[in-house]
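Colleague: To be precise about what I am sending: the file is called query.txt and holds compact mmCIF, C-alpha atoms.
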# COMPACT_ATOMS: atom_id res chain seq x y z
CA MET A 1 27.10 45.30 19.32
CA LEU A 2 26.35 46.12 22.94
CA CYS A 3 25.50 43.54 25.53
CA PRO A 4 21.90 43.49 26.73
CA ALA A 5 20.75 46.50 28.75
CA MET A 6 20.51 44.44 31.95
CA ASP A 7 24.24 43.77 31.75
CA ALA A 8 24.97 47.48 31.32
CA GLN A 9 22.52 48.37 34.10
CA ARG A 10 24.12 45.87 36.46
CA ALA A 11 27.61 47.15 35.61
CA LEU A 12 26.51 50.75 36.22
CA ALA A 13 24.91 49.79 39.53
CA ASP A 14 28.21 48.21 40.56
CA LEU A 15 30.07 51.34 39.42
CA THR A 16 27.99 53.72 41.49
CA GLU A 17 28.29 51.39 44.47
CA ILE A 18 32.10 51.35 44.39
CA SER A 19 32.76 54.89 43.17
CA SER A 20 31.33 57.64 45.34
CA GLN A 21 32.69 60.24 42.90
CA ILE A 22 30.38 59.22 40.04
CA GLN A 23 27.16 61.22 40.02
CA THR A 24 25.66 59.97 36.74
CA ALA A 25 26.79 57.51 34.09
CA VAL A 26 25.62 56.12 30.78
CA VAL A 27 26.82 53.31 28.48
CA PHE A 28 26.16 53.83 24.78
CA ASP A 29 27.24 52.76 21.30
CA GLU A 30 28.90 54.77 18.50
CA LYS A 31 25.51 56.00 17.31
CA GLY A 32 24.54 57.26 20.77
CA LYS A 33 22.10 54.44 21.53
CA VAL A 34 21.92 54.05 25.30
CA ALA A 35 22.40 50.53 26.68
CA GLY A 36 22.23 51.49 30.34
CA SER A 37 22.09 54.55 32.55
CA THR A 38 22.04 55.66 36.16
CA LEU A 39 19.57 58.37 35.22
CA ALA A 40 15.86 57.73 35.82
CA ASP A 41 14.92 60.06 32.95
CA SER A 42 15.70 58.42 29.59
CA GLY A 43 15.71 61.83 27.91
CA ARG A 44 18.54 62.98 30.17
CA ALA A 45 20.40 59.71 29.53
CA ASP A 46 20.08 60.22 25.78
CA GLN A 47 21.31 63.82 26.17
CA LEU A 48 24.37 62.73 28.17
CA ALA A 49 25.21 60.12 25.51
CA LYS A 50 24.75 62.71 22.75
CA THR A 51 26.92 65.25 24.54
CA ALA A 52 29.63 62.66 25.18
CA THR A 53 29.57 61.66 21.49
CA GLU A 54 29.95 65.32 20.53
CA LEU A 55 32.86 65.74 22.99
CA LEU A 56 34.61 62.72 21.48
CA ALA A 57 34.11 64.09 17.95
CA ALA A 58 35.44 67.54 18.93
CA ALA A 59 38.47 66.01 20.65
CA GLU A 60 39.16 63.81 17.60
CA GLU A 61 39.37 66.95 15.45
CA VAL A 62 42.09 68.58 17.60
CA ARG A 63 44.13 65.55 18.71
CA ALA A 64 47.61 64.93 17.38
CA GLY A 65 48.84 61.50 16.42
CA GLU A 66 47.46 58.47 14.69
CA SER A 67 46.12 56.39 17.56
CA PRO A 68 42.38 56.61 18.26
CA LEU A 69 41.11 58.66 21.16
CA THR A 70 40.15 56.36 24.02
CA GLN A 71 39.44 58.69 26.94
CA LEU A 72 38.87 62.31 27.81
CA GLU A 73 37.94 64.56 30.70
CA VAL A 74 36.28 67.94 30.47
CA ALA A 75 36.54 69.85 33.75
CA THR A 76 34.82 72.97 35.02
CA GLY A 77 34.76 74.52 38.46
CA GLU A 78 31.49 72.68 39.17
CA GLY A 79 32.50 69.22 38.02
CA SER A 80 33.81 67.00 35.26
CA VAL A 81 32.58 64.85 32.41
CA PHE A 82 34.60 61.72 31.70
CA VAL A 83 34.29 59.61 28.55
CA VAL A 84 35.99 56.28 27.88
CA ARG A 85 35.67 54.54 24.52
CA GLU A 86 36.63 51.00 23.61
CA GLY A 87 35.74 49.98 20.09
CA LYS A 88 32.12 50.84 19.41
CA THR A 89 31.09 51.06 23.06
CA SER A 90 31.57 54.06 25.34
CA ILE A 91 30.80 55.11 28.87
CA ALA A 92 30.35 58.68 30.06
CA ALA A 93 30.12 59.87 33.64
CA THR A 94 29.77 63.10 35.54
CA THR A 95 31.44 63.94 38.83
CA GLY A 96 31.61 66.82 41.24
CA SER A 97 34.59 69.17 41.34
CA ASP A 98 38.11 67.89 42.02
CA PRO A 99 37.61 64.17 41.31
CA THR A 100 40.48 61.72 41.57
CA VAL A 101 40.98 61.58 37.82
CA GLY A 102 43.02 58.38 37.62
CA LEU A 103 40.61 56.50 39.85
CA VAL A 104 37.56 57.66 37.87
CA PHE A 105 39.17 56.56 34.58
CA TYR A 106 40.12 53.21 36.15
CA ASP A 107 36.55 52.64 37.40
CA LEU A 108 35.04 53.60 34.04
CA LYS A 109 37.40 51.33 32.10
CA SER A 110 36.66 48.43 34.45
CA THR A 111 32.92 48.99 34.06
CA LEU A 112 33.20 49.18 30.29
CA ARG A 113 35.18 45.92 30.20
CA SER A 114 32.53 44.20 32.32
CA VAL A 115 29.80 45.36 29.92
CA LYS A 116 31.76 44.17 26.89
CA ALA A 117 32.88 40.87 28.44
CA PRO A 118 31.42 37.89 26.59
CA ALA A 119 29.04 35.72 28.52
CA ARG A 120 30.73 32.73 30.09
CA PRO A 121 29.49 29.33 28.99
CA SER A 122 27.53 27.44 31.57
CA ALA A 123 29.66 25.26 33.81
CA ALA A 124 26.91 22.67 34.09
CA LYS A 125 27.35 19.89 31.59
CA LYS A 126 24.54 17.95 30.05
CA PRO A 127 24.51 14.31 31.06
CA ALA A 128 25.93 11.92 28.49
CA PRO A 129 23.29 10.06 26.50
CA ARG A 130 22.55 6.59 27.81
CA LYS A 131 23.78 3.72 25.75
CA LYS A 132 21.18 1.22 24.63
CA LYS A 133 21.64 -2.28 25.93
CA PRO A 134 21.73 -4.93 23.22
CA ASP A 135 18.58 -7.01 22.93
CA ALA A 136 18.87 -10.38 24.68
CA SER A 137 17.15 -12.53 22.08
Written as structure tokens, how would this file's structure read?
Modeller:
Amino acid sequence: MLCPAMDAQRALADLTEISSQIQTAVVFDEKGKVAGSTLADSGRADQLAKTATELLAAAEEVRAGESPLTQLEVATGEGSVFVVREGKTSIAATTGSDPTVGLVFYDLKSTLRSVKAPARPSAAKKPAPRKKKPDAS
């Protein structure tokens, strides 16, 4: 299950702030349900998630080996689409031409981990209950 959309939105905002190569990005689950996006148009976000899901499925059909596919890049002269998958959660991003591939994958994996990270328990402790004083009868 994905973390709440605000967590994905915050992670994507951080991603676009640190990575000038990322043009658009979307976090989604295995069914293509979008949890967060850098796109203002939800229809375009849904389309990017759908396309990324289709790319993953096509790559799964042609890959060799037994280990699951965890990342892919599709490059054209105009730009690239990157997809990183961890379990049931994925992130897809578009870039311009000639991106620094290793850095983009690193940034996407870091973002995906931050979305999937469990919430930390509150550091503030509740005060201990007061003990009742015995009656002075």
Colleague: With a distance cut-off of 12 Å and only C-alpha atoms, select the neighbouring residues of A:Thr100, excluding the residue or stretch itself and same-chain residues fewer than 6 positions from it, and output the selection as a PDB file with C-alpha atoms, in the frame of the given file.
Modeller:
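The new file around_38.pdb reads:
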ATOM      1  CA  SER A  19      32.760  54.890  43.170  1.00  0.00           C
ATOM      2  CA  SER A  20      31.330  57.640  45.340  1.00  0.00           C
ATOM      3  CA  GLN A  21      32.690  60.240  42.900  1.00  0.00           C
ATOM      4  CA  ILE A  22      30.380  59.220  40.040  1.00  0.00           C
ATOM      5  CA  GLU A  73      37.940  64.560  30.700  1.00  0.00           C
ATOM      6  CA  ALA A  75      36.540  69.850  33.750  1.00  0.00           C
ATOM      7  CA  GLY A  79      32.500  69.220  38.020  1.00  0.00           C
ATOM      8  CA  SER A  80      33.810  67.000  35.260  1.00  0.00           C
ATOM      9  CA  PHE A  82      34.600  61.720  31.700  1.00  0.00           C
ATOM     10  CA  TYR A 106      40.120  53.210  36.150  1.00  0.00           C
ATOM     11  CA  ASP A 107      36.550  52.640  37.400  1.00  0.00           C
TER      12      ASP A 107
END
Colleague: If we count only C-alpha atoms, what is near A:Gln23 at a cut-off of 12 Å, once residues fewer than 3 positions away on the same chain are taken out, given as a JSON list (two decimals) with C-alpha atoms, keeping the file's coordinate frame?
Modeller:
[["chain", "number", "residue", "atom", "x", "y", "z"],
["A", 12, "LEU", "CA", 26.51, 50.75, 36.22],
["A", 13, "ALA", "CA", 24.91, 49.79, 39.53],
["A", 15, "LEU", "CA", 30.07, 51.34, 39.42],
["A", 16, "THR", "CA", 27.99, 53.72, 41.49],
["A", 17, "GLU", "CA", 28.29, 51.39, 44.47],
["A", 18, "ILE", "CA", 32.10, 51.35, 44.39],
["A", 19, "SER", "CA", 32.76, 54.89, 43.17],
["A", 20, "SER", "CA", 31.33, 57.64, 45.34],
["A", 26, "VAL", "CA", 25.62, 56.12, 30.78],
["A", 37, "SER", "CA", 22.09, 54.55, 32.55],
["A", 38, "THR", "CA", 22.04, 55.66, 36.16],
["A", 39, "LEU", "CA", 19.57, 58.37, 35.22],
["A", 79, "GLY", "CA", 32.50, 69.22, 38.02],
["A", 80, "SER", "CA", 33.81, 67.00, 35.26],
["A", 81, "VAL", "CA", 32.58, 64.85, 32.41],
["A", 82, "PHE", "CA", 34.60, 61.72, 31.70],
["A", 92, "ALA", "CA", 30.35, 58.68, 30.06],
["A", 93, "ALA", "CA", 30.12, 59.87, 33.64],
["A", 94, "THR", "CA", 29.77, 63.10, 35.54],
["A", 95, "THR", "CA", 31.44, 63.94, 38.83],
["A", 96, "GLY", "CA", 31.61, 66.82, 41.24],
["A", 97, "SER", "CA", 34.59, 69.17, 41.34],
["A", 99, "PRO", "CA", 37.61, 64.17, 41.31],
["A", 104, "VAL", "CA", 37.56, 57.66, 37.87]]
Colleague: Which residues are close to A:Leu112, i.e. within 9 Å by only C-alpha atoms, leaving aside same-chain residues fewer than 6 positions away? Reply as a list in words.
Modeller: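 Contacts, in chain order: Ala8, Ala11, Val27, Val84, Arg85, Glu86, Thr89, Ser90 and Ile91 of chain A.
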Colleague: Work out how far atom CA of A:Gly36 is from atom CA of A:Gln9, in Å to one decimal.
Modeller: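 We find that atom CA of A:Gln9 and atom CA of A:Gly36 lie 4.9 Å from each other.
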Colleague: Provide the atom CA of A:Lys31 to atom CA of A:Leu55 distance in Å, to one decimal place.
Modeller: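 One can read the atom CA of A:Lys31 to atom CA of A:Leu55 distance as 13.5 Å.
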Colleague: Excluding A:Ala57 and any residue of its chain fewer than 6 positions from it, enumerate the residues within 12 Å of it, using all atoms listed in the file, and give them as a PDB file with C-alpha atoms, in the frame of the given file.
Modeller:
ATOM      1  CA  GLU A  30      28.900  54.770  18.500  1.00  0.00           C
ATOM      2  CA  LYS A  31      25.510  56.000  17.310  1.00  0.00           C
ATOM      3  CA  LYS A  50      24.750  62.710  22.750  1.00  0.00           C
ATOM      4  CA  THR A  51      26.920  65.250  24.540  1.00  0.00           C
ATOM      5  CA  ARG A  63      44.130  65.550  18.710  1.00  0.00           C
ATOM      6  CA  PRO A  68      42.380  56.610  18.260  1.00  0.00           C
ATOM      7  CA  LEU A  69      41.110  58.660  21.160  1.00  0.00           C
ATOM      8  CA  THR A  70      40.150  56.360  24.020  1.00  0.00           C
ATOM      9  CA  GLN A  71      39.440  58.690  26.940  1.00  0.00           C
ATOM     10  CA  LEU A  72      38.870  62.310  27.810  1.00  0.00           C
ATOM     11  CA  VAL A  83      34.290  59.610  28.550  1.00  0.00           C
ATOM     12  CA  ARG A  85      35.670  54.540  24.520  1.00  0.00           C
TER      13      ARG A  85
END
Colleague: From the set A:Leu48, A:Thr24, A:Asp7, A:Ser67, which residue has the shortest atom-to-atom contact distance to A:Leu108, counting all atoms listed in the file?
Modeller: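 Smallest separation from A:Leu108 among the options: A:Thr24.
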Colleague: Atom CA of A:Val62 and atom CA of A:Lys116, how far apart in Å?
Modeller: 28.1 Å
Colleague: Counting all atoms listed in the file, figure out which residue out of A:Glu66, A:Asp29, A:Asp14, A:Asp98 gets nearest to A:Asp46.
Modeller: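 Of A:Glu66, A:Asp29, A:Asp14, A:Asp98, the one nearest A:Asp46, counting all atoms listed in the file, is A:Asp29.
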